file target.csv (CSV, C-alpha atoms)
chain,number,residue,atom,x,y,z
L,1,MET,CA,-0.1,-15.9,17.8
L,2,THR,CA,-0.1,-13.3,15.1
L,3,GLU,CA,-2.0,-15.2,12.4
L,4,PRO,CA,-5.2,-13.2,12.3
L,5,THR,CA,-3.3,-9.9,12.0
L,6,LEU,CA,-1.1,-11.1,9.2
L,7,GLN,CA,-4.1,-12.6,7.5
L,8,SER,CA,-5.7,-9.1,7.5
L,9,VAL,CA,-2.5,-7.6,6.1
L,10,GLU,CA,-2.3,-10.3,3.4
L,11,ALA,CA,-6.0,-9.7,2.4
L,12,GLN,CA,-5.4,-6.0,2.0
L,13,TRP,CA,-2.2,-6.8,0.0
L,14,GLN,CA,-4.2,-9.1,-2.3
L,15,ARG,CA,-6.8,-6.3,-2.8
L,16,HIS,CA,-4.0,-4.1,-4.1
L,17,ARG,CA,-2.6,-6.8,-6.3
L,18,THR,CA,-6.0,-7.5,-7.9
L,19,THR,CA,-6.4,-3.8,-8.6
L,20,LEU,CA,-3.0,-3.8,-10.3
L,21,ASP,CA,-3.9,-6.8,-12.4
L,22,ASP,CA,-7.1,-5.1,-13.6
L,23,ALA,CA,-5.2,-2.0,-14.5
L,24,LEU,CA,-2.7,-4.0,-16.5
L,25,THR,CA,-5.5,-5.8,-18.4
L,26,GLU,CA,-7.2,-2.5,-19.2
L,27,ALA,CA,-3.9,-1.0,-20.5
L,28,ILE,CA,-3.3,-4.0,-22.7
L,29,GLY,CA,-6.8,-3.8,-24.1
L,30,GLU,CA,-6.4,-0.1,-24.9
L,31,LEU,CA,-3.1,-0.7,-26.8
L,32,GLU,CA,-4.7,-3.6,-28.7
L,33,ASP,CA,-7.5,-1.4,-29.8
L,34,ILE,CA,-5.1,1.2,-31.1
L,35,VAL,CA,-3.3,-1.5,-33.2
L,36,LYS,CA,-6.7,-2.7,-34.6
L,37,LEU,CA,-7.7,0.9,-35.5
L,38,ASP,CA,-4.3,1.4,-37.2
L,39,GLU,CA,-4.8,-1.8,-39.2
L,40,HIS,CA,-8.1,-0.4,-40.4
L,41,HIS,CA,-6.5,2.9,-41.4
L,42,ARG,CA,-3.8,1.1,-43.3
L,43,HIS,CA,-5.7,-1.6,-45.0
L,44,GLY,CA,-9.4,-0.7,-44.7
L,45,HIS,CA,-9.6,0.7,-48.3
L,46,GLU,CA,-8.0,-2.3,-49.9
L,47,PRO,CA,-10.4,-4.2,-52.3
L,48,ALA,CA,-10.6,-7.3,-50.1
L,49,GLU,CA,-11.4,-5.2,-47.0
L,50,LEU,CA,-13.9,-3.1,-48.9
L,51,GLU,CA,-15.6,-6.3,-50.1
L,52,ARG,CA,-15.8,-7.6,-46.5
L,53,SER,CA,-17.1,-4.3,-45.2
L,54,LEU,CA,-19.7,-3.7,-48.0
L,55,GLY,CA,-21.0,-7.3,-48.0
L,56,PRO,CA,-22.3,-9.3,-51.0
L,57,LEU,CA,-23.8,-6.3,-52.8
L,58,GLY,CA,-20.5,-4.4,-53.0
L,59,PRO,CA,-18.8,-6.3,-55.8
L,60,THR,CA,-21.9,-6.4,-57.9
L,61,SER,CA,-22.7,-2.7,-57.6
L,62,LEU,CA,-19.2,-1.1,-57.4
L,63,ASP,CA,-15.8,-1.4,-58.9
L,64,LEU,CA,-13.9,-2.1,-55.7
L,65,SER,CA,-10.5,-1.7,-57.3
L,66,SER,CA,-11.3,1.8,-58.6
L,67,LEU,CA,-13.0,2.7,-55.3
L,68,SER,CA,-9.8,1.6,-53.5
L,69,LYS,CA,-7.7,3.8,-55.6
L,70,VAL,CA,-10.0,6.8,-55.1
L,71,LEU,CA,-10.1,6.3,-51.3
L,72,GLY,CA,-6.3,5.6,-51.1
L,73,ASN,CA,-4.5,5.1,-47.9
L,74,SER,CA,-5.8,6.8,-44.8
L,75,PRO,CA,-3.7,9.7,-43.5
L,76,ARG,CA,-4.7,8.7,-40.0
L,77,ALA,CA,-2.3,5.7,-39.9
L,78,MET,CA,0.3,6.1,-37.2
L,79,ALA,CA,4.0,6.5,-37.9
L,80,PRO,CA,5.8,3.1,-38.3
L,81,GLU,CA,8.1,3.7,-35.3
L,82,ARG,CA,5.2,4.4,-33.0
L,83,LEU,CA,3.4,1.2,-34.2
L,84,LEU,CA,6.5,-0.8,-33.5
L,85,ARG,CA,6.8,0.6,-30.0
L,86,ILE,CA,3.2,-0.2,-29.2
L,87,LYS,CA,3.4,-3.7,-30.6
L,88,GLY,CA,6.5,-4.2,-28.4
L,89,LEU,CA,4.8,-2.7,-25.3
L,90,ILE,CA,1.8,-5.2,-25.4
L,91,PRO,CA,3.9,-8.3,-24.7
L,92,THR,CA,5.8,-6.4,-22.1
L,93,LEU,CA,2.6,-5.5,-20.2
L,94,SER,CA,1.4,-9.1,-20.7
L,95,GLU,CA,4.6,-10.5,-19.2
L,96,ILE,CA,4.3,-8.1,-16.2
L,97,ARG,CA,0.7,-9.1,-15.7
L,98,GLU,CA,1.6,-12.8,-15.7
L,99,THR,CA,4.3,-12.2,-13.1
L,100,TRP,CA,2.1,-10.2,-10.7
L,101,SER,CA,-0.9,-12.6,-11.2
L,102,LYS,CA,1.4,-15.4,-9.7
L,103,MET,CA,3.0,-13.2,-7.1
L,104,ALA,CA,2.6,-14.6,-3.6
L,105,PHE,CA,2.4,-12.4,-0.5
L,106,GLU,CA,5.5,-14.1,0.9
L,107,ARG,CA,7.5,-12.4,-1.9
L,108,ALA,CA,6.3,-9.0,-0.6
L,109,CYS,CA,7.3,-9.3,3.1
L,110,ILE,CA,10.2,-10.2,5.3
L,111,ASP,CA,10.9,-10.6,9.0
L,112,LEU,CA,12.8,-7.9,11.0
L,113,GLU,CA,15.0,-10.7,12.4
L,114,ARG,CA,16.7,-11.1,9.0
L,115,ASP,CA,20.0,-9.3,8.4
L,116,GLU,CA,19.5,-5.6,7.6
L,117,SER,CA,21.4,-5.8,4.3
L,118,GLU,CA,19.2,-8.7,3.3
L,119,ILE,CA,16.1,-6.8,4.1
L,120,LEU,CA,17.2,-3.8,2.1
L,121,ALA,CA,18.1,-5.9,-0.9
L,122,HIS,CA,14.8,-7.7,-0.8
L,123,ALA,CA,12.9,-4.4,-0.5
L,124,GLU,CA,14.9,-2.8,-3.3
L,125,ALA,CA,14.2,-5.7,-5.7
L,126,TYR,CA,10.5,-5.7,-4.9
L,127,LEU,CA,10.0,-2.0,-5.2
L,128,ASN,CA,11.9,-1.9,-8.4
L,129,GLY,CA,9.6,-4.6,-9.7
L,130,LEU,CA,6.7,-2.2,-8.9
L,131,ALA,CA,8.7,0.6,-10.7
L,132,ALA,CA,8.8,-1.6,-13.8
L,133,VAL,CA,5.0,-1.8,-13.7
L,134,PHE,CA,4.4,1.9,-13.5
L,135,ARG,CA,7.2,2.7,-16.0
L,136,ALA,CA,5.1,0.6,-18.5
L,137,PHE,CA,1.9,2.4,-17.4
L,138,ARG,CA,3.4,5.8,-18.0
L,139,ILE,CA,4.7,4.8,-21.4
L,140,THR,CA,1.3,3.4,-22.3
L,141,GLN,CA,-0.5,6.6,-21.4
L,142,LEU,CA,2.0,8.6,-23.5
L,143,GLU,CA,1.4,6.2,-26.4
L,144,ILE,CA,-2.3,6.3,-26.1
L,145,ARG,CA,-2.2,10.1,-26.3
L,146,SER,CA,0.4,10.0,-29.1
L,147,LYS,CA,2.7,12.0,-26.9
L,148,TYR,CA,5.7,9.7,-26.7
L,149,ASP,CA,8.8,11.3,-28.1
L,150,SER,CA,11.8,9.0,-28.3
L,151,ALA,CA,14.3,11.8,-28.2
L,152,VAL,CA,12.9,13.0,-24.9
L,153,HIS,CA,11.4,9.9,-23.2
L,154,ASP,CA,13.9,7.1,-24.0
L,155,ALA,CA,16.5,8.7,-21.7
L,156,SER,CA,13.9,9.6,-19.1
L,157,PHE,CA,12.7,6.0,-18.7
L,158,ALA,CA,16.1,4.4,-18.9
L,159,ASP,CA,16.9,4.7,-15.2
L,160,PHE,CA,13.4,4.5,-13.9
L,161,ASP,CA,13.3,3.0,-10.4
L,162,TRP,CA,11.2,3.1,-7.2
L,163,ARG,CA,12.5,6.6,-6.3
L,164,ARG,CA,10.6,7.9,-9.4
L,165,LEU,CA,7.2,6.6,-8.2
L,166,GLY,CA,4.6,9.3,-7.5
L,167,PRO,CA,2.2,9.4,-4.5
L,168,GLY,CA,-0.7,8.1,-6.5
L,169,GLU,CA,1.3,5.2,-7.8
L,170,LEU,CA,2.5,4.2,-4.3
L,171,GLN,CA,-1.1,4.4,-3.0
L,172,SER,CA,-2.3,1.9,-5.6
L,173,SER,CA,0.7,-0.5,-5.2
L,174,PRO,CA,0.8,-3.8,-3.3
L,175,PRO,CA,3.1,-2.7,-0.4
L,176,PHE,CA,6.3,-4.2,0.8
L,177,VAL,CA,5.8,-5.4,4.4
L,178,LEU,CA,8.3,-5.8,7.2
L,179,ILE,CA,7.1,-7.9,10.1
L,180,ALA,CA,8.5,-6.8,13.4
L,181,ARG,CA,7.7,-8.7,16.6
L,182,LEU,CA,8.5,-6.3,19.4
L,183,ASP,CA,7.9,-8.4,22.5
L,184,GLY,CA,11.1,-8.5,24.4
L,185,ASP,CA,14.0,-6.1,23.7
L,186,GLU,CA,12.1,-3.3,22.0
L,187,GLY,CA,15.0,-0.9,22.0
L,188,ALA,CA,17.2,-3.0,19.7
L,189,ARG,CA,14.4,-3.7,17.3
L,190,LEU,CA,13.2,-0.1,17.3
L,191,ARG,CA,16.7,1.0,16.4
L,192,LYS,CA,16.7,-1.4,13.5
L,193,VAL,CA,13.3,-0.2,12.4
L,194,MET,CA,14.4,3.4,12.5
L,195,SER,CA,17.5,2.6,10.4
L,196,LEU,CA,15.4,1.0,7.7
L,197,LEU,CA,12.8,3.8,7.7
L,198,GLU,CA,15.6,6.4,7.3
L,199,THR,CA,16.3,4.9,3.8
L,200,GLY,CA,13.1,6.6,2.6
L,201,MET,CA,11.9,3.3,1.1
L,202,PRO,CA,8.0,3.2,1.3
L,203,ILE,CA,8.1,0.0,3.4
L,204,LYS,CA,5.2,-0.8,5.8
L,205,VAL,CA,6.4,-2.0,9.2
L,206,VAL,CA,3.8,-4.2,10.9
L,207,ALA,CA,4.9,-4.0,14.6
L,208,LEU,CA,3.2,-6.9,16.5
L,209,ARG,CA,3.0,-6.8,20.3
L,210,SER,CA,1.2,-9.3,22.5
L,211,ASN,CA,2.4,-8.2,25.9
L,212,LEU,CA,2.1,-4.7,27.4
L,213,ARG,CA,3.3,-5.7,30.9
L,214,GLU,CA,7.0,-5.6,30.1
L,215,PRO,CA,8.6,-2.1,30.7
L,216,ARG,CA,9.4,-0.4,27.5
L,217,ARG,CA,12.4,1.8,28.3
L,218,GLY,CA,13.3,2.5,24.8
L,219,SER,CA,16.9,2.3,23.6
L,220,THR,CA,20.1,3.6,25.3
L,221,SER,CA,21.8,3.7,21.9
L,222,LEU,CA,23.1,7.1,20.7
L,223,LEU,CA,21.4,6.3,17.4
L,224,VAL,CA,18.0,6.4,19.0
L,225,PRO,CA,16.7,9.5,21.1
L,226,PRO,CA,16.5,8.7,24.8
L,227,GLY,CA,13.0,7.5,25.8
L,228,MET,CA,12.0,6.8,22.3
L,229,THR,CA,9.3,4.1,22.0
L,230,LEU,CA,7.1,3.0,19.2
L,231,GLU,CA,4.3,5.4,20.3
L,232,THR,CA,6.7,8.4,20.2
L,233,LEU,CA,8.0,7.5,16.7
L,234,PRO,CA,6.1,10.4,15.0
L,235,PHE,CA,8.0,12.9,17.1
L,236,GLY,CA,11.3,11.6,16.0
L,237,MET,CA,10.4,10.7,12.4
L,238,GLN,CA,7.7,13.1,11.2
L,239,GLY,CA,7.8,11.8,7.6
L,240,VAL,CA,6.6,8.4,8.7
L,241,TYR,CA,2.9,7.4,8.7
L,242,PHE,CA,1.9,5.8,12.1
L,243,VAL,CA,-1.1,4.0,13.2
L,244,GLN,CA,-1.8,2.1,16.4
L,245,THR,CA,-4.7,-0.2,16.6
L,246,CYS,CA,-5.8,-3.8,17.2
L,247,GLY,CA,-8.2,-6.4,15.7
L,248,PRO,CA,-11.2,-5.9,18.1
L,249,VAL,CA,-11.5,-2.2,17.2
L,250,ALA,CA,-14.5,-1.7,14.8
L,251,ASP,CA,-12.5,0.2,12.2
L,252,PHE,CA,-9.4,-2.0,12.3
L,253,GLU,CA,-9.6,-3.0,8.6
L,254,GLN,CA,-10.1,0.6,7.4
L,255,ARG,CA,-7.1,1.9,9.4
L,256,LEU,CA,-5.0,-1.0,8.3
L,257,PHE,CA,-5.9,-0.3,4.6
L,258,ALA,CA,-5.1,3.4,5.0
L,259,ALA,CA,-1.7,2.7,6.4
L,260,LEU,CA,-0.8,0.2,3.7
L,261,CYS,CA,-1.9,2.8,1.1
L,262,ALA,CA,0.2,5.6,2.6
L,263,PRO,CA,2.5,7.0,-0.1
L,264,ARG,CA,5.4,7.0,2.3
L,265,PRO,CA,7.1,4.7,4.9
L,266,ALA,CA,4.6,3.6,7.6
L,267,VAL,CA,4.5,1.9,10.9
L,268,ILE,CA,1.5,-0.1,12.0
L,269,SER,CA,1.5,-0.9,15.7
L,270,VAL,CA,-0.8,-3.8,16.5
L,271,LEU,CA,-1.8,-5.4,19.8
L,272,CYS,CA,-2.3,-9.1,19.1
L,273,GLU,CA,-3.1,-12.4,20.9
L,274,ARG,CA,-0.7,-14.1,23.3
L,275,GLU,CA,0.2,-17.7,22.7
L,276,GLY,CA,-2.8,-19.8,23.6
L,277,GLU,CA,-5.0,-16.9,24.5
L,278,THR,CA,-8.7,-17.2,23.5
L,279,GLN,CA,-10.4,-14.6,21.3
L,280,GLU,CA,-12.8,-13.7,24.2
L,281,SER,CA,-9.9,-13.2,26.6
L,282,PHE,CA,-7.9,-11.1,24.1
L,283,GLN,CA,-10.9,-8.9,23.2
L,284,SER,CA,-11.4,-8.1,26.9
L,285,ARG,CA,-7.7,-7.4,27.5
L,286,ALA,CA,-7.6,-5.2,24.4
L,287,GLU,CA,-10.6,-3.2,25.4
L,288,ARG,CA,-9.2,-2.6,28.9
L,289,ALA,CA,-5.8,-1.7,27.5
L,290,ILE,CA,-7.4,1.0,25.2
L,291,ARG,CA,-9.7,2.2,28.0
L,292,ALA,CA,-6.7,2.6,30.5
L,293,ARG,CA,-4.5,4.4,27.9
L,294,ALA,CA,-2.0,1.5,28.1
L,295,PHE,CA,-2.5,1.1,24.4
L,296,PRO,CA,-4.0,4.3,23.0
L,297,LEU,CA,-5.5,4.3,19.5
L,298,CYS,CA,-3.7,6.7,17.3
L,299,VAL,CA,-3.2,7.8,13.6
L,300,TYR,CA,-0.4,10.2,12.6
L,301,ASP,CA,-0.7,11.1,8.9
L,302,PRO,CA,2.0,13.6,7.7
L,303,ASP,CA,-0.1,14.3,4.6
L,304,ARG,CA,-3.2,15.3,6.6
L,305,ASP,CA,-2.1,18.9,7.5
L,306,ALA,CA,1.0,21.2,7.3
L,307,ARG,CA,0.7,21.7,11.1
L,308,PHE,CA,2.2,18.8,13.1
L,309,VAL,CA,-0.5,18.6,15.8
L,310,MET,CA,-3.3,18.5,13.2
L,311,CYS,CA,-1.7,15.4,11.7
L,312,PHE,CA,-2.8,13.3,14.7
L,313,ASP,CA,-6.2,11.5,15.0
L,314,LEU,CA,-7.1,10.1,18.4
L,315,SER,CA,-10.7,9.4,17.6
L,316,GLY,CA,-11.8,5.9,18.6
L,317,ASN,CA,-10.4,6.3,22.1
L,318,PRO,CA,-13.0,6.4,24.9
L,319,SER,CA,-13.5,9.8,26.6
L,320,VAL,CA,-11.0,11.3,24.2
L,321,GLU,CA,-11.4,14.8,25.8
L,322,SER,CA,-10.5,13.6,29.2
L,323,GLN,CA,-7.2,12.5,30.7
L,324,TRP,CA,-8.7,9.2,31.9
L,325,THR,CA,-11.9,7.2,31.4
L,326,THR,CA,-13.9,6.6,34.6
L,327,GLU,CA,-15.9,3.8,36.1
L,328,THR,CA,-18.6,4.1,38.7
L,329,LEU,CA,-18.0,2.2,42.0
L,330,THR,CA,-21.1,1.4,44.1
L,331,GLY,CA,-21.2,0.5,47.8
L,332,VAL,CA,-22.5,1.7,51.2
L,333,ASP,CA,-21.1,4.2,53.6
L,334,SER,CA,-20.7,3.7,57.4
L,335,ASP,CA,-24.3,4.6,57.9
L,336,GLY,CA,-25.5,2.0,55.5
L,337,ASN,CA,-26.5,4.4,52.7
L,338,ALA,CA,-25.9,3.5,49.1
L,339,VAL,CA,-23.1,5.6,47.5
L,340,GLU,CA,-21.6,5.9,44.0
L,341,ILE,CA,-18.1,7.1,43.3
L,342,ALA,CA,-16.6,7.9,39.9
L,343,GLU,CA,-13.0,6.6,39.8
L,344,ALA,CA,-10.4,7.1,37.0
L,345,PHE,CA,-9.6,3.9,35.2
L,346,THR,CA,-5.8,4.1,34.9
L,347,VAL,CA,-2.9,2.0,33.6
L,348,ALA,CA,-2.6,0.7,37.2
L,349,HIS,CA,-6.1,-0.7,37.0
L,350,PHE,CA,-5.3,-2.4,33.7
L,351,ALA,CA,-2.1,-3.9,35.1
call {"tool": "encode", "arguments": {"input": "target.csv", "output": "structure tokens"}}
result
Amino acid sequence: MTEPTLQSVEAQWQRHRTTLDDALTEAIGELEDIVKLDEHHRHGHEPAELERSLGPLGPTSLDLSSLSKVLGNSPRAMAPERLLRIKGLIPTLSEIRETWSKMAFERACIDLERDESEILAHAEAYLNGLAAVFRAFRITQLEIRSKYDSAVHDASFADFDWRRLGPGELQSSPPFVLIARLDGDEGARLRKVMSLLETGMPIKVVALRSNLREPRRGSTSLLVPPGMTLETLPFGMQGVYFVQTCGPVADFEQRLFAALCAPRPAVISVLCEREGETQESFQSRAERAIRARAFPLCVYDPDRDARFVMCFDLSGNPSVESQWTTETLTGVDSDGNAVEIAEAFTVAHFA
């Protein structure tokens, strides 16, 4: 039922993972180049190295031992402690790259039906794995610029976890995904989703719904505001990125990618196929649901603007400036004359 949607989520996750792998490869290469350059500064003026550099005419034309003494050791060689740190950082980055190159999407997601404590532990472990990556990246950048100071930075990086990740780092990270199937008792599941989002973890909740016919009354729990539904989540949790979309929409992949890149918790509400429903039937149903406002397209991005209302984007909905879309009915009046009537296409028509 949900396979196409989850395939799209996994494809976007793999895109992030590949970008991360490329960044690790580049960081390793930069550090290796620094080590090679230091080797040249340390040993480049030794007789054997001079002979290799000058070629076969060097030993016959010059006294390489004397030249080596004159040139001496290069003052540009790095401090031994810095060289030791860099040489230790290279295998660390290589090990991290090896781990992430073999990482499966299943390691980065979990179903909402699992116990809440299990979900939190799984998310914490995954996000701290990401923190280890960006901890190494930050140290690498300091070493490349020769700005790493053990007295200052050792303690700073000692307790580095996911809470220290910056917006740019979160945007480029393969996200942690929580799969929530909301057909049925939405209130109980919504309460659990809100509880998990309140932790502040930058998890991405993919909320899958195949049926819009069941009444969604929200939850009667004191922990959830009365009448709260998934669509009204931005009003109750204004720090959460929210997008509502579905596969047949032209910009589905772009909106999905933007939500998975959000540097904060996010909820992705997706209308998906019913069990046994054909693609043609689903596309027709989805188009009518959007047209009737039964499933309005929406993006709420807290980083878009300081003003709450300006954080919403309703583009993509038909007749977005009107309360309802309309359809033209044709027929004949009592006198046999052709008539056309514009009628609002409401949720009742969709139902």
call {"tool": "residues_around", "arguments": {"input": "target.csv", "residues": "Asn317 (chain L)", "least_positions_apart": "3", "cutoff": "9 Å", "atoms": "only C-alpha atoms", "output": "PyMOL selection string"}}
result
chain L and resi 290-291+293+296-298+314+320
call {"tool": "closest_residue", "arguments": {"input": "target.csv", "among": "L:Cys261, L:Ala342, L:Ala289, L:Leu93", "to": "Ser172 (chain L)", "atoms": "only C-alpha atoms"}}
result
L:Cys261
call {"tool": "atom_distance", "arguments": {"input": "target.csv", "atom1": "CA of Leu24 (chain L)", "atom2": "CA of Ala136 (chain L)"}}
result
9.3 Å
call {"tool": "atom_distance", "arguments": {"input": "target.csv", "atom1": "CA of Ala266 (chain L)", "atom2": "CA of Gly239 (chain L)"}}
result
8.8 Å
call {"tool": "closest_residue", "arguments": {"input": "target.csv", "among": "L:Met194, L:Met237, L:Ala351, L:Leu230", "to": "Leu208 (chain L)", "atoms": "only C-alpha atoms"}}
result
L:Leu230
call {"tool": "atom_distance", "arguments": {"input": "target.csv", "atom1": "CA of Ser8 (chain L)", "atom2": "CA of Phe257 (chain L)"}}
result
9.3 Å
call {"tool": "closest_residue", "arguments": {"input": "target.csv", "among": "L:Glu273, L:Glu124, L:Glu30, L:Glu198", "to": "Arg145 (chain L)", "atoms": "all atoms listed in the file"}}
result
L:Glu30
call {"tool": "closest_residue", "arguments": {"input": "target.csv", "among": "L:Arg114, L:Arg97, L:Lys36, L:Lys147", "to": "Gly129 (chain L)", "atoms": "all atoms listed in the file"}}
result
L:Arg97
call {"tool": "residues_around", "arguments": {"input": "target.csv", "residues": "Ser117 (chain L)", "least_positions_apart": "3", "cutoff": "12 Å", "atoms": "only C-alpha atoms", "output": "tab-separated table (two decimals) with C-alpha atoms, in the frame of the given file"}}
result
chain	number	residue	atom	x	y	z
L	112	LEU	CA	12.80	-7.90	11.00
L	113	GLU	CA	15.00	-10.70	12.40
L	114	ARG	CA	16.70	-11.10	9.00
L	120	LEU	CA	17.20	-3.80	2.10
L	121	ALA	CA	18.10	-5.90	-0.90
L	122	HIS	CA	14.80	-7.70	-0.80
L	123	ALA	CA	12.90	-4.40	-0.50
L	124	GLU	CA	14.90	-2.80	-3.30
L	192	LYS	CA	16.70	-1.40	13.50
L	195	SER	CA	17.50	2.60	10.40
L	196	LEU	CA	15.40	1.00	7.70
L	199	THR	CA	16.30	4.90	3.80
call {"tool": "residues_around", "arguments": {"input": "target.csv", "residues": "Phe160 (chain L)", "least_positions_apart": "6", "cutoff": "12 Å", "atoms": "only C-alpha atoms", "output": "PDB file with C-alpha atoms, in the coordinates of the input"}}
result
ATOM      1  CA  LEU L 127      10.000  -2.000  -5.200  1.00  0.00           C
ATOM      2  CA  ASN L 128      11.900  -1.900  -8.400  1.00  0.00           C
ATOM      3  CA  GLY L 129       9.600  -4.600  -9.700  1.00  0.00           C
ATOM      4  CA  LEU L 130       6.700  -2.200  -8.900  1.00  0.00           C
ATOM      5  CA  ALA L 131       8.700   0.600 -10.700  1.00  0.00           C
ATOM      6  CA  ALA L 132       8.800  -1.600 -13.800  1.00  0.00           C
ATOM      7  CA  VAL L 133       5.000  -1.800 -13.700  1.00  0.00           C
ATOM      8  CA  PHE L 134       4.400   1.900 -13.500  1.00  0.00           C
ATOM      9  CA  ARG L 135       7.200   2.700 -16.000  1.00  0.00           C
ATOM     10  CA  ALA L 136       5.100   0.600 -18.500  1.00  0.00           C
ATOM     11  CA  ARG L 138       3.400   5.800 -18.000  1.00  0.00           C
ATOM     12  CA  ILE L 139       4.700   4.800 -21.400  1.00  0.00           C
ATOM     13  CA  HIS L 153      11.400   9.900 -23.200  1.00  0.00           C
ATOM     14  CA  ASP L 154      13.900   7.100 -24.000  1.00  0.00           C
ATOM     15  CA  GLY L 166       4.600   9.300  -7.500  1.00  0.00           C
TER      16      GLY L 166
END
call {"tool": "residues_around", "arguments": {"input": "target.csv", "residues": "Phe137 (chain L)", "least_positions_apart": "3", "cutoff": "12 Å", "atoms": "all atoms listed in the file", "output": "VMD selection string"}}
result
chain L and resid 20 to 21 23 to 28 30 to 31 89 to 90 92 to 94 96 to 97 130 to 134 140 to 144 157 165 169
call {"tool": "write_last_selection", "arguments": {"input": "target.csv", "atoms": "C-alpha atoms", "output": "PDB file, keeping the file's coordinate frame"}}
result
ATOM      1  CA  LEU L  20      -3.000  -3.800 -10.300  1.00  0.00           C
ATOM      2  CA  ASP L  21      -3.900  -6.800 -12.400  1.00  0.00           C
ATOM      3  CA  ALA L  23      -5.200  -2.000 -14.500  1.00  0.00           C
ATOM      4  CA  LEU L  24      -2.700  -4.000 -16.500  1.00  0.00           C
ATOM      5  CA  THR L  25      -5.500  -5.800 -18.400  1.00  0.00           C
ATOM      6  CA  GLU L  26      -7.200  -2.500 -19.200  1.00  0.00           C
ATOM      7  CA  ALA L  27      -3.900  -1.000 -20.500  1.00  0.00           C
ATOM      8  CA  ILE L  28      -3.300  -4.000 -22.700  1.00  0.00           C
ATOM      9  CA  GLU L  30      -6.400  -0.100 -24.900  1.00  0.00           C
ATOM     10  CA  LEU L  31      -3.100  -0.700 -26.800  1.00  0.00           C
ATOM     11  CA  LEU L  89       4.800  -2.700 -25.300  1.00  0.00           C
ATOM     12  CA  ILE L  90       1.800  -5.200 -25.400  1.00  0.00           C
ATOM     13  CA  THR L  92       5.800  -6.400 -22.100  1.00  0.00           C
ATOM     14  CA  LEU L  93       2.600  -5.500 -20.200  1.00  0.00           C
ATOM     15  CA  SER L  94       1.400  -9.100 -20.700  1.00  0.00           C
ATOM     16  CA  ILE L  96       4.300  -8.100 -16.200  1.00  0.00           C
ATOM     17  CA  ARG L  97       0.700  -9.100 -15.700  1.00  0.00           C
ATOM     18  CA  LEU L 130       6.700  -2.200  -8.900  1.00  0.00           C
ATOM     19  CA  ALA L 131       8.700   0.600 -10.700  1.00  0.00           C
ATOM     20  CA  ALA L 132       8.800  -1.600 -13.800  1.00  0.00           C
ATOM     21  CA  VAL L 133       5.000  -1.800 -13.700  1.00  0.00           C
ATOM     22  CA  PHE L 134       4.400   1.900 -13.500  1.00  0.00           C
ATOM     23  CA  THR L 140       1.300   3.400 -22.300  1.00  0.00           C
ATOM     24  CA  GLN L 141      -0.500   6.600 -21.400  1.00  0.00           C
ATOM     25  CA  LEU L 142       2.000   8.600 -23.500  1.00  0.00           C
ATOM     26  CA  GLU L 143       1.400   6.200 -26.400  1.00  0.00           C
ATOM     27  CA  ILE L 144      -2.300   6.300 -26.100  1.00  0.00           C
ATOM     28  CA  PHE L 157      12.700   6.000 -18.700  1.00  0.00           C
ATOM     29  CA  LEU L 165       7.200   6.600  -8.200  1.00  0.00           C
ATOM     30  CA  GLU L 169       1.300   5.200  -7.800  1.00  0.00           C
TER      31      GLU L 169
END
call {"tool": "closest_residue", "arguments": {"input": "target.csv", "among": "L:Pro91, L:Glu39, L:Gln238, L:Leu233", "to": "Ala306 (chain L)", "atoms": "all atoms listed in the file"}}
result
L:Gln238
call {"tool": "residues_near_point", "arguments": {"input": "target.csv", "point": "(1.8, 5.4, 1.7)", "cutoff": "8 Å", "atoms": "all atoms listed in the file", "output": "number ranges by chain"}}
result
L: 167, 170-171, 202, 241, 258-266
call {"tool": "write_last_selection", "arguments": {"input": "target.csv", "atoms": "C-alpha atoms", "output": "short mmCIF file (atom, residue, chain, number, x, y, z; two decimals), keeping the file's coordinate frame"}}
result
data_model
loop_
_atom_site.label_atom_id
_atom_site.label_comp_id
_atom_site.auth_asym_id
_atom_site.auth_seq_id
_atom_site.Cartn_x
_atom_site.Cartn_y
_atom_site.Cartn_z
CA PRO L 167 2.20 9.40 -4.50
CA LEU L 170 2.50 4.20 -4.30
CA GLN L 171 -1.10 4.40 -3.00
CA PRO L 202 8.00 3.20 1.30
CA TYR L 241 2.90 7.40 8.70
CA ALA L 258 -5.10 3.40 5.00
CA ALA L 259 -1.70 2.70 6.40
CA LEU L 260 -0.80 0.20 3.70
CA CYS L 261 -1.90 2.80 1.10
CA ALA L 262 0.20 5.60 2.60
CA PRO L 263 2.50 7.00 -0.10
CA ARG L 264 5.40 7.00 2.30
CA PRO L 265 7.10 4.70 4.90
CA ALA L 266 4.60 3.60 7.60
#
call {"tool": "closest_residue", "arguments": {"input": "target.csv", "among": "L:Leu37, L:Leu197, L:Ala338, L:Ala125", "to": "Ala77 (chain L)", "atoms": "all atoms listed in the file"}}
result
L:Leu37
call {"tool": "residues_near_point", "arguments": {"input": "target.csv", "point": "(-1.8, -13.4, -6.0)", "cutoff": "10 Å", "atoms": "all atoms listed in the file", "output": "ChimeraX atom specification"}}
result
/L:10,13-18,21,99-105
call {"tool": "residues_around", "arguments": {"input": "target.csv", "residues": "Leu212 (chain L)", "least_positions_apart": "6", "cutoff": "12 Å", "atoms": "only C-alpha atoms", "output": "list in words"}}
result
Leu182, Asp183, Gly184, Glu186, Val270, Leu271, Cys272, Glu273, Arg274, Arg285, Ala286, Arg288, Ala289, Ile290, Ala292, Arg293, Ala294, Phe295, Pro296, Val347, Phe350 and Ala351 of chain L
